[in-house]
>>> print(open('query_9.json').read())   # JSON, C-alpha atoms
[["chain", "number", "residue", "atom", "x", "y", "z"],
["M", 28, "ARG", "CA", 29.10, -26.28, -25.08],
["M", 29, "LYS", "CA", 30.41, -23.04, -26.54],
["M", 30, "VAL", "CA", 26.90, -21.56, -26.58],
["M", 31, "PHE", "CA", 26.24, -22.36, -22.92],
["M", 32, "PHE", "CA", 29.72, -21.12, -21.96],
["M", 33, "ARG", "CA", 29.06, -17.79, -23.70],
["M", 34, "ILE", "CA", 25.65, -17.53, -22.03],
["M", 35, "ALA", "CA", 27.20, -18.20, -18.60],
["M", 36, "ILE", "CA", 29.93, -15.60, -19.19],
["M", 37, "ALA", "CA", 27.41, -12.96, -20.32],
["M", 38, "VAL", "CA", 25.08, -13.57, -17.36],
["M", 39, "ILE", "CA", 27.92, -13.60, -14.80],
["M", 40, "LEU", "CA", 29.51, -10.44, -16.28],
["M", 41, "LEU", "CA", 26.24, -8.48, -16.29],
["M", 42, "ALA", "CA", 25.30, -9.82, -12.85],
["M", 43, "CYS", "CA", 28.64, -8.58, -11.51],
["M", 44, "ILE", "CA", 28.03, -5.16, -13.05],
["M", 45, "ALA", "CA", 24.57, -5.08, -11.45],
["M", 46, "PHE", "CA", 26.04, -6.23, -8.12],
["M", 47, "LEU", "CA", 28.63, -3.43, -8.15],
["M", 48, "ASN", "CA", 25.93, -0.85, -8.95],
["M", 49, "LYS", "CA", 23.95, -1.67, -5.82],
["M", 50, "GLU", "CA", 22.41, 1.77, -5.35],
["M", 51, "LEU", "CA", 21.08, 1.98, -8.93],
["M", 52, "LEU", "CA", 19.90, -1.64, -8.86],
["M", 53, "PHE", "CA", 17.79, -1.25, -5.73],
["M", 54, "ASP", "CA", 16.60, 2.23, -6.67],
["M", 55, "ILE", "CA", 14.95, 0.50, -9.63],
["M", 56, "VAL", "CA", 13.73, -2.58, -7.75],
["M", 57, "LEU", "CA", 12.40, -0.67, -4.73],
["M", 58, "ALA", "CA", 10.86, 2.21, -6.69],
["M", 59, "PRO", "CA", 7.33, 0.69, -6.83],
["M", 60, "GLN", "CA", 7.02, 0.85, -3.03],
["M", 61, "ARG", "CA", 7.38, 4.64, -2.95],
["M", 62, "SER", "CA", 4.43, 7.00, -3.14],
["M", 63, "ASP", "CA", 6.20, 9.12, -5.80],
["M", 64, "PHE", "CA", 6.42, 6.20, -8.26],
["M", 65, "ILE", "CA", 5.64, 7.11, -11.87],
["M", 66, "LEU", "CA", 2.31, 5.24, -11.83],
["M", 67, "TYR", "CA", 1.02, 7.18, -8.83],
["M", 68, "ARG", "CA", 2.11, 10.49, -10.37],
["M", 69, "PHE", "CA", 0.22, 9.48, -13.52],
["M", 70, "PHE", "CA", -2.93, 8.71, -11.51],
["M", 71, "ASN", "CA", -2.66, 12.02, -9.67],
["M", 72, "ARG", "CA", -2.34, 13.88, -12.96],
["M", 73, "LEU", "CA", -5.40, 12.09, -14.36],
["M", 74, "ALA", "CA", -7.34, 12.90, -11.19],
["M", 75, "ALA", "CA", -6.45, 16.58, -11.49],
["M", 76, "ASP", "CA", -7.00, 16.90, -15.25],
["M", 77, "PHE", "CA", -10.33, 15.05, -15.39],
["M", 78, "SER", "CA", -11.61, 15.85, -11.89],
["M", 79, "ILE", "CA", -11.77, 12.21, -10.76],
["M", 80, "PRO", "CA", -10.99, 12.24, -7.03],
["M", 81, "SER", "CA", -11.14, 8.44, -6.80],
["M", 82, "LEU", "CA", -7.95, 8.20, -8.85],
["M", 83, "GLN", "CA", -6.05, 10.43, -6.45],
["M", 84, "VAL", "CA", -3.28, 8.51, -4.66],
["M", 85, "GLU", "CA", -2.49, 9.82, -1.22],
["M", 86, "ASP", "CA", 1.07, 9.78, 0.08],
["M", 87, "PHE", "CA", 1.91, 6.60, 1.93],
["M", 88, "HIS", "CA", 4.94, 5.16, 3.63],
["M", 89, "VAL", "CA", 5.82, 1.49, 3.97],
["M", 90, "GLU", "CA", 8.81, 0.53, 6.07],
["M", 91, "LEU", "CA", 10.91, -2.32, 4.73],
["M", 92, "ILE", "CA", 12.87, -4.24, 7.34],
["M", 93, "ASN", "CA", 15.40, -7.06, 7.51],
["M", 94, "ILE", "CA", 15.04, -9.78, 10.14],
["M", 95, "GLN", "CA", 17.80, -12.22, 9.18],
["M", 96, "LEU", "CA", 21.55, -11.74, 9.46],
["M", 97, "THR", "CA", 22.52, -12.81, 5.93],
["M", 98, "SER", "CA", 19.27, -11.84, 4.21],
["M", 99, "GLN", "CA", 20.33, -8.50, 2.73],
["M", 100, "PHE", "CA", 23.55, -9.86, 1.25],
["M", 101, "MET", "CA", 21.81, -12.90, -0.23],
["M", 102, "ILE", "CA", 19.05, -10.70, -1.65],
["M", 103, "HIS", "CA", 21.70, -8.44, -3.15],
["M", 104, "MET", "CA", 23.33, -11.44, -4.86],
["M", 105, "SER", "CA", 20.09, -13.01, -6.12],
["M", 106, "THR", "CA", 18.69, -9.69, -7.38],
["M", 107, "ALA", "CA", 21.95, -8.97, -9.21],
["M", 108, "PHE", "CA", 21.80, -12.45, -10.80],
["M", 109, "TYR", "CA", 18.19, -11.93, -12.00],
["M", 110, "ALA", "CA", 19.17, -8.51, -13.36],
["M", 111, "GLY", "CA", 22.13, -10.04, -15.20],
["M", 112, "LEU", "CA", 19.91, -12.78, -16.61],
["M", 113, "LEU", "CA", 17.32, -10.24, -17.78],
["M", 114, "LEU", "CA", 19.91, -7.94, -19.34],
["M", 115, "ALA", "CA", 21.62, -10.86, -21.08],
["M", 116, "SER", "CA", 18.36, -12.36, -22.37],
["M", 117, "PRO", "CA", 18.51, -10.72, -25.86],
["M", 118, "TYR", "CA", 22.02, -12.12, -26.31],
["M", 119, "ILE", "CA", 20.87, -15.50, -24.99],
["M", 120, "ILE", "CA", 18.00, -15.58, -27.50],
["M", 121, "TYR", "CA", 20.43, -14.64, -30.28],
["M", 122, "LEU", "CA", 22.84, -17.46, -29.35],
["M", 123, "LEU", "CA", 20.11, -20.07, -28.95],
["M", 124, "PHE", "CA", 18.50, -19.15, -32.26],
["M", 125, "GLY", "CA", 21.88, -19.32, -33.97],
["M", 126, "PHE", "CA", 22.42, -22.74, -32.42],
["M", 127, "ILE", "CA", 19.11, -24.30, -33.50],
["M", 128, "SER", "CA", 18.55, -22.48, -36.82],
["M", 129, "PRO", "CA", 20.80, -24.82, -38.91],
["M", 130, "ALA", "CA", 18.51, -27.72, -37.94],
["M", 131, "LEU", "CA", 15.35, -25.87, -39.03],
["M", 132, "HIS", "CA", 13.72, -25.76, -42.44],
["M", 133, "GLU", "CA", 13.25, -22.40, -44.14],
["M", 134, "ALA", "CA", 9.55, -22.28, -43.19],
["M", 135, "GLU", "CA", 10.38, -23.18, -39.59],
["M", 136, "ARG", "CA", 12.93, -20.37, -39.39],
["M", 137, "LYS", "CA", 10.30, -17.89, -40.54],
["M", 138, "THR", "CA", 7.78, -19.09, -37.96],
["M", 139, "CYS", "CA", 10.28, -19.42, -35.10],
["M", 140, "LEU", "CA", 8.57, -17.96, -32.03],
["M", 141, "MET", "CA", 11.60, -17.41, -29.79],
["M", 142, "ILE", "CA", 11.81, -13.68, -30.50],
["M", 143, "PRO", "CA", 8.03, -12.95, -30.27],
["M", 144, "GLY", "CA", 7.91, -15.09, -27.12],
["M", 145, "PHE", "CA", 10.77, -13.09, -25.62],
["M", 146, "PHE", "CA", 9.09, -9.75, -26.31],
["M", 147, "LEU", "CA", 5.79, -11.01, -24.89],
["M", 148, "PHE", "CA", 7.56, -12.17, -21.73],
["M", 149, "ILE", "CA", 9.33, -8.81, -21.32],
["M", 150, "THR", "CA", 6.01, -7.01, -21.87],
["M", 151, "GLY", "CA", 4.48, -9.01, -19.03],
["M", 152, "ILE", "CA", 7.39, -8.13, -16.74],
["M", 153, "LEU", "CA", 7.13, -4.43, -17.61],
["M", 154, "LEU", "CA", 3.36, -4.45, -17.00],
["M", 155, "ASN", "CA", 3.99, -6.00, -13.61],
["M", 156, "TYR", "CA", 6.73, -3.50, -12.73],
["M", 157, "PHE", "CA", 4.89, -0.35, -13.77],
["M", 158, "VAL", "CA", 1.28, -1.30, -12.93],
["M", 159, "ILE", "CA", 0.46, -4.60, -11.23],
["M", 160, "PHE", "CA", 3.05, -4.86, -8.48],
["M", 161, "PRO", "CA", 2.88, -1.20, -7.33],
["M", 162, "LEU", "CA", -0.91, -1.36, -6.99],
["M", 163, "SER", "CA", -0.88, -4.77, -5.30],
["M", 164, "PHE", "CA", 1.93, -3.79, -2.95],
["M", 165, "ARG", "CA", 0.29, -0.51, -1.97],
["M", 166, "PHE", "CA", -3.01, -2.21, -1.20],
["M", 167, "LEU", "CA", -1.59, -5.14, 0.75],
["M", 168, "ALA", "CA", 1.14, -3.20, 2.57],
["M", 169, "THR", "CA", -1.26, -0.50, 3.76],
["M", 170, "TYR", "CA", -4.18, -2.81, 4.56],
["M", 171, "GLN", "CA", -4.88, -3.15, 8.30],
["M", 172, "VAL", "CA", -7.35, -5.30, 10.20],
["M", 173, "SER", "CA", -6.85, -2.95, 13.15],
["M", 174, "GLU", "CA", -4.92, 0.23, 13.93],
["M", 175, "LEU", "CA", -3.19, -1.76, 16.65],
["M", 176, "VAL", "CA", -1.44, -3.89, 14.01],
["M", 177, "VAL", "CA", 1.39, -2.06, 12.24],
["M", 178, "ASN", "CA", 2.66, -3.33, 8.88],
["M", 179, "LYS", "CA", 6.42, -3.72, 8.57],
["M", 180, "ILE", "CA", 7.29, -5.64, 5.42],
["M", 181, "SER", "CA", 10.49, -7.69, 5.27],
["M", 182, "ILE", "CA", 12.75, -7.08, 2.30],
["M", 183, "SER", "CA", 12.75, -10.81, 1.51],
["M", 184, "SER", "CA", 8.93, -10.80, 1.32],
["M", 185, "TYR", "CA", 9.04, -7.77, -0.99],
["M", 186, "ILE", "CA", 11.61, -9.29, -3.36],
["M", 187, "SER", "CA", 9.96, -12.73, -3.46],
["M", 188, "SER", "CA", 6.52, -11.22, -4.20],
["M", 189, "PHE", "CA", 8.02, -8.97, -6.87],
["M", 190, "THR", "CA", 9.83, -11.89, -8.53],
["M", 191, "MET", "CA", 6.81, -14.21, -8.35],
["M", 192, "LEU", "CA", 4.42, -11.67, -9.91],
["M", 193, "SER", "CA", 6.96, -10.82, -12.61],
["M", 194, "LEU", "CA", 7.25, -14.49, -13.58],
["M", 195, "LEU", "CA", 3.46, -14.97, -13.44],
["M", 196, "LEU", "CA", 2.76, -11.99, -15.71],
["M", 197, "GLY", "CA", 5.61, -12.92, -18.04],
["M", 198, "ALA", "CA", 4.23, -16.47, -18.31],
["M", 199, "ALA", "CA", 0.65, -15.20, -18.76],
["M", 200, "PHE", "CA", 1.76, -13.16, -21.76],
["M", 201, "GLU", "CA", 2.99, -16.35, -23.41],
["M", 202, "ILE", "CA", -0.64, -17.42, -24.04],
["M", 203, "PRO", "CA", -0.43, -16.95, -27.87],
["M", 204, "ILE", "CA", 2.80, -18.97, -28.03],
["M", 205, "ILE", "CA", 1.34, -21.78, -25.92],
["M", 206, "ALA", "CA", -1.83, -21.74, -28.05],
["M", 207, "TYR", "CA", 0.27, -22.03, -31.22],
["M", 208, "PHE", "CA", 2.03, -25.18, -30.01],
["M", 209, "LEU", "CA", -1.21, -26.71, -28.69],
["M", 210, "SER", "CA", -2.79, -26.15, -32.10],
["M", 211, "LYS", "CA", 0.17, -27.84, -33.78],
["M", 212, "LEU", "CA", -0.46, -30.85, -31.53],
["M", 213, "GLY", "CA", -4.11, -30.81, -32.56],
["M", 214, "LEU", "CA", -5.37, -30.13, -29.03],
["M", 215, "ILE", "CA", -7.13, -26.83, -29.77],
["M", 216, "THR", "CA", -8.66, -25.04, -32.76],
["M", 217, "ALA", "CA", -9.77, -21.49, -33.44],
["M", 218, "PRO", "CA", -13.49, -22.42, -33.43],
["M", 219, "MET", "CA", -12.98, -24.10, -30.05],
["M", 220, "LEU", "CA", -11.38, -20.96, -28.59],
["M", 221, "LYS", "CA", -14.21, -18.83, -30.01],
["M", 222, "GLN", "CA", -16.79, -21.18, -28.51],
["M", 223, "TYR", "CA", -15.26, -20.83, -25.03],
["M", 224, "ARG", "CA", -14.66, -17.08, -25.33],
["M", 225, "LYS", "CA", -17.25, -16.21, -22.64],
["M", 226, "TYR", "CA", -15.81, -18.72, -20.18],
["M", 227, "ALA", "CA", -12.31, -17.44, -20.94],
["M", 228, "LEU", "CA", -13.44, -13.88, -20.16],
["M", 229, "VAL", "CA", -14.79, -14.98, -16.77],
["M", 230, "GLY", "CA", -11.57, -16.87, -16.07],
["M", 231, "ILE", "CA", -9.49, -13.84, -17.03],
["M", 232, "LEU", "CA", -11.49, -11.60, -14.69],
["M", 233, "VAL", "CA", -10.99, -14.09, -11.85],
["M", 234, "ILE", "CA", -7.25, -14.30, -12.52],
["M", 235, "ALA", "CA", -7.01, -10.50, -12.72],
["M", 236, "ALA", "CA", -8.87, -10.17, -9.41],
["M", 237, "ILE", "CA", -6.41, -12.59, -7.78],
["M", 238, "ILE", "CA", -3.33, -10.86, -9.22],
["M", 239, "THR", "CA", -4.60, -7.40, -8.24],
["M", 240, "PRO", "CA", -6.32, -7.67, -4.86],
["M", 241, "THR", "CA", -7.49, -4.05, -4.93],
["M", 242, "SER", "CA", -11.04, -2.80, -4.61],
["M", 243, "ASP", "CA", -11.31, -0.60, -7.71],
["M", 244, "VAL", "CA", -12.54, -1.68, -11.13],
["M", 245, "PHE", "CA", -9.96, 0.44, -12.95],
["M", 246, "THR", "CA", -7.07, -1.70, -11.68],
["M", 247, "LEU", "CA", -8.95, -4.87, -12.57],
["M", 248, "LEU", "CA", -9.38, -3.65, -16.14],
["M", 249, "LEU", "CA", -5.67, -2.77, -16.42],
["M", 250, "VAL", "CA", -4.90, -6.48, -16.07],
["M", 251, "SER", "CA", -7.93, -8.14, -17.65],
["M", 252, "ILE", "CA", -7.91, -6.11, -20.90],
["M", 253, "PRO", "CA", -4.35, -7.11, -21.93],
["M", 254, "LEU", "CA", -5.03, -10.75, -21.00],
["M", 255, "TYR", "CA", -8.25, -10.80, -23.02],
["M", 256, "PHE", "CA", -6.44, -9.18, -25.95],
["M", 257, "LEU", "CA", -3.87, -12.00, -25.76],
["M", 258, "TYR", "CA", -6.70, -14.54, -25.83],
["M", 259, "GLU", "CA", -8.11, -12.94, -28.99],
["M", 260, "LEU", "CA", -4.62, -12.87, -30.46],
["M", 261, "SER", "CA", -4.34, -16.58, -29.67],
["M", 262, "ILE", "CA", -7.47, -17.24, -31.75],
["M", 263, "GLN", "CA", -5.87, -15.49, -34.73],
["M", 264, "VAL", "CA", -2.55, -17.31, -34.23],
["M", 265, "VAL", "CA", -4.26, -20.72, -34.00],
["M", 266, "GLY", "CA", -6.43, -19.98, -37.04],
["M", 267, "ARG", "CA", -3.44, -19.07, -39.18],
["M", 268, "SER", "CA", -1.39, -22.03, -37.99],
["M", 269, "ARG", "CA", -4.19, -24.42, -39.00],
["M", 270, "LYS", "CA", -4.48, -22.78, -42.44],
["M", 271, "LYS", "CA", -0.76, -23.30, -43.08],
["M", 272, "LYS", "CA", -1.27, -27.03, -42.59]]
>>> encode(input="query_9.json", output="structure tokens")
Amino acid sequence: RKVFFRIAIAVILLACIAFLNKELLFDIVLAPQRSDFILYRFFNRLAADFSIPSLQVEDFHVELINIQLTSQFMIHMSTAFYAGLLLASPYIIYLLFGFISPALHEAERKTCLMIPGFFLFITGILLNYFVIFPLSFRFLATYQVSELVVNKISISSYISSFTMLSLLLGAAFEIPIIAYFLSKLGLITAPMLKQYRKYALVGILVIAAIITPTSDVFTLLLVSIPLYFLYELSIQVVGRSRKKK
């Protein structure tokens, strides 16, 4: 009970701090929808340095609107809560590990995957924030079936898409952790993963194409390469876990 009470206090405190710093909070959250986002500046620099016009990102403007009376306030509260949860997550991991560690054997403490799993999840969220979501948002928000149809994106749609993609990428980066537990249950082996490597690569490309509905190969590779690397890492993790048995 003490552990969960401390977790609740930490999350609520940091969420309140995030709520009170509304301008900073939404400057960060809404940054990927601006044409001067760091990713687009990076692409423009690459285009200029290596003379690759296709990487050049033209200025664009997407208008975010609100269509419900209470929507902005509720979004402010929910976004502040998610920010508090994310900021408190290292402390949460620390408390949870301290709670379960007395029940673990020495070998189990050494192989505890809570901390690696946390860093993998955060890596997935950062990849989404800096690469995946900005590219997906720019493509979908500026796509038109006709010049007669003007895109005006609601803030609730923006936040829900941002949150969903963050969770999806964070979960996708947990592949090695999931593979480790499946190997412990005897459901998969390293030779099996090697055997299905080609099929996994095709599946990864399909998933990357769904996550990034853009038309360029470069964006597709930005997603598929890390996912394939995680698959190869899973093979190594499963192989070592079976050897320890």
>>> residues_near_point(input="query_9.json", point="(5.3, 1.7, -4.6)", cutoff="9 Å", atoms="all atoms listed in the file", output="list in words")
Leu57, Ala58, Pro59, Gln60, Arg61, Ser62, Asp63, Phe64, Leu66, Tyr67, Phe87, His88, Val89, Phe160, Pro161, Leu162, Ser163, Phe164 and Arg165 of chain M
>>> write_last_selection(input="query_9.json", atoms="C-alpha atoms", output="JSON list (two decimals), keeping the file's coordinate frame")
[["chain", "number", "residue", "atom", "x", "y", "z"],
["M", 57, "LEU", "CA", 12.40, -0.67, -4.73],
["M", 58, "ALA", "CA", 10.86, 2.21, -6.69],
["M", 59, "PRO", "CA", 7.33, 0.69, -6.83],
["M", 60, "GLN", "CA", 7.02, 0.85, -3.03],
["M", 61, "ARG", "CA", 7.38, 4.64, -2.95],
["M", 62, "SER", "CA", 4.43, 7.00, -3.14],
["M", 63, "ASP", "CA", 6.20, 9.12, -5.80],
["M", 64, "PHE", "CA", 6.42, 6.20, -8.26],
["M", 66, "LEU", "CA", 2.31, 5.24, -11.83],
["M", 67, "TYR", "CA", 1.02, 7.18, -8.83],
["M", 87, "PHE", "CA", 1.91, 6.60, 1.93],
["M", 88, "HIS", "CA", 4.94, 5.16, 3.63],
["M", 89, "VAL", "CA", 5.82, 1.49, 3.97],
["M", 160, "PHE", "CA", 3.05, -4.86, -8.48],
["M", 161, "PRO", "CA", 2.88, -1.20, -7.33],
["M", 162, "LEU", "CA", -0.91, -1.36, -6.99],
["M", 163, "SER", "CA", -0.88, -4.77, -5.30],
["M", 164, "PHE", "CA", 1.93, -3.79, -2.95],
["M", 165, "ARG", "CA", 0.29, -0.51, -1.97]]
>>> residues_around(input="query_9.json", residues="M:Thr190", least_positions_apart="5", cutoff="10 Å", atoms="all atoms listed in the file", output="list in words")
Thr106, Tyr109, Ile152, Asn155, Tyr156, Phe160, Ser184, Tyr185 and Leu195 of chain M
>>> residues_around(input="query_9.json", residues="M:Ser193", least_positions_apart="2", cutoff="10 Å", atoms="all atoms listed in the file", output="list in words")
Phe148, Ile149, Gly151, Ile152, Leu153, Leu154, Asn155, Tyr156, Ile159, Phe160, Ser187, Ser188, Phe189, Thr190, Met191, Leu195, Leu196, Gly197, Ala198 and Ala199 of chain M
>>> write_last_selection(input="query_9.json", atoms="C-alpha atoms", output="mmCIF file, keeping the file's coordinate frame")
data_model
loop_
_atom_site.group_PDB
_atom_site.id
_atom_site.type_symbol
_atom_site.label_atom_id
_atom_site.label_comp_id
_atom_site.auth_asym_id
_atom_site.auth_seq_id
_atom_site.Cartn_x
_atom_site.Cartn_y
_atom_site.Cartn_z
ATOM 1 C CA PHE M 148 7.560 -12.170 -21.730
ATOM 2 C CA ILE M 149 9.330 -8.810 -21.320
ATOM 3 C CA GLY M 151 4.480 -9.010 -19.030
ATOM 4 C CA ILE M 152 7.390 -8.130 -16.740
ATOM 5 C CA LEU M 153 7.130 -4.430 -17.610
ATOM 6 C CA LEU M 154 3.360 -4.450 -17.000
ATOM 7 C CA ASN M 155 3.990 -6.000 -13.610
ATOM 8 C CA TYR M 156 6.730 -3.500 -12.730
ATOM 9 C CA ILE M 159 0.460 -4.600 -11.230
ATOM 10 C CA PHE M 160 3.050 -4.860 -8.480
ATOM 11 C CA SER M 187 9.960 -12.730 -3.460
ATOM 12 C CA SER M 188 6.520 -11.220 -4.200
ATOM 13 C CA PHE M 189 8.020 -8.970 -6.870
ATOM 14 C CA THR M 190 9.830 -11.890 -8.530
ATOM 15 C CA MET M 191 6.810 -14.210 -8.350
ATOM 16 C CA LEU M 195 3.460 -14.970 -13.440
ATOM 17 C CA LEU M 196 2.760 -11.990 -15.710
ATOM 18 C CA GLY M 197 5.610 -12.920 -18.040
ATOM 19 C CA ALA M 198 4.230 -16.470 -18.310
ATOM 20 C CA ALA M 199 0.650 -15.200 -18.760
#
>>> closest_residue(input="query_9.json", among="M:Ala115, M:Arg72, M:Phe124, M:Leu228", to="M:Ile252", atoms="all atoms listed in the file")
M:Leu228
>>> residues_around(input="query_9.json", residues="M:Ser105", least_positions_apart="6", cutoff="10 Å", atoms="all atoms listed in the file", output="MDAnalysis selection string")
chainID M and resid 42 46 99 111 186
>>> residues_near_point(input="query_9.json", point="(-9.8, -6.9, -12.1)", cutoff="10 Å", atoms="all atoms listed in the file", output="ChimeraX atom specification")
/M:231-252
>>> residues_around(input="query_9.json", residues="M:Leu147", least_positions_apart="3", cutoff="7 Å", atoms="only C-alpha atoms", output="number ranges by chain")
M: 143-144, 150-151, 200-201
>>> atom_distance(input="query_9.json", atom1="atom CA of M:Leu82", atom2="atom CA of M:Phe53")
27.6 Å
>>> closest_residue(input="query_9.json", among="M:Leu209, M:Val264, M:Ile34, M:Leu47", to="M:Leu123", atoms="only C-alpha atoms")
M:Ile34
>>> residues_around(input="query_9.json", residues="M:Pro203", least_positions_apart="3", cutoff="8 Å", atoms="all atoms listed in the file", output="PDB file with C-alpha atoms, keeping the file's coordinate frame")
ATOM      1  CA  PHE M 200       1.760 -13.160 -21.760  1.00  0.00           C
ATOM      2  CA  ALA M 206      -1.830 -21.740 -28.050  1.00  0.00           C
ATOM      3  CA  TYR M 207       0.270 -22.030 -31.220  1.00  0.00           C
ATOM      4  CA  LEU M 257      -3.870 -12.000 -25.760  1.00  0.00           C
ATOM      5  CA  TYR M 258      -6.700 -14.540 -25.830  1.00  0.00           C
ATOM      6  CA  LEU M 260      -4.620 -12.870 -30.460  1.00  0.00           C
ATOM      7  CA  SER M 261      -4.340 -16.580 -29.670  1.00  0.00           C
ATOM      8  CA  VAL M 264      -2.550 -17.310 -34.230  1.00  0.00           C
TER       9      VAL M 264
END
>>> closest_residue(input="query_9.json", among="M:Phe31, M:Tyr223, M:Tyr255, M:Phe70", to="M:Leu122", atoms="all atoms listed in the file")
M:Phe31
>>> closest_residue(input="query_9.json", among="M:Leu112, M:Ala217, M:Ile119, M:Leu254", to="M:Leu41", atoms="all atoms listed in the file")
M:Leu112
>>> atom_distance(input="query_9.json", atom1="atom CA of M:Ile36", atom2="atom CA of M:Ser98")
26.0 Å
>>> atom_distance(input="query_9.json", atom1="atom CA of M:Ile182", atom2="atom CA of M:Ile102")
8.3 Å
>>> closest_residue(input="query_9.json", among="M:Ala37, M:Val30, M:Met104, M:Ile180", to="M:Leu167", atoms="all atoms listed in the file")
M:Ile180
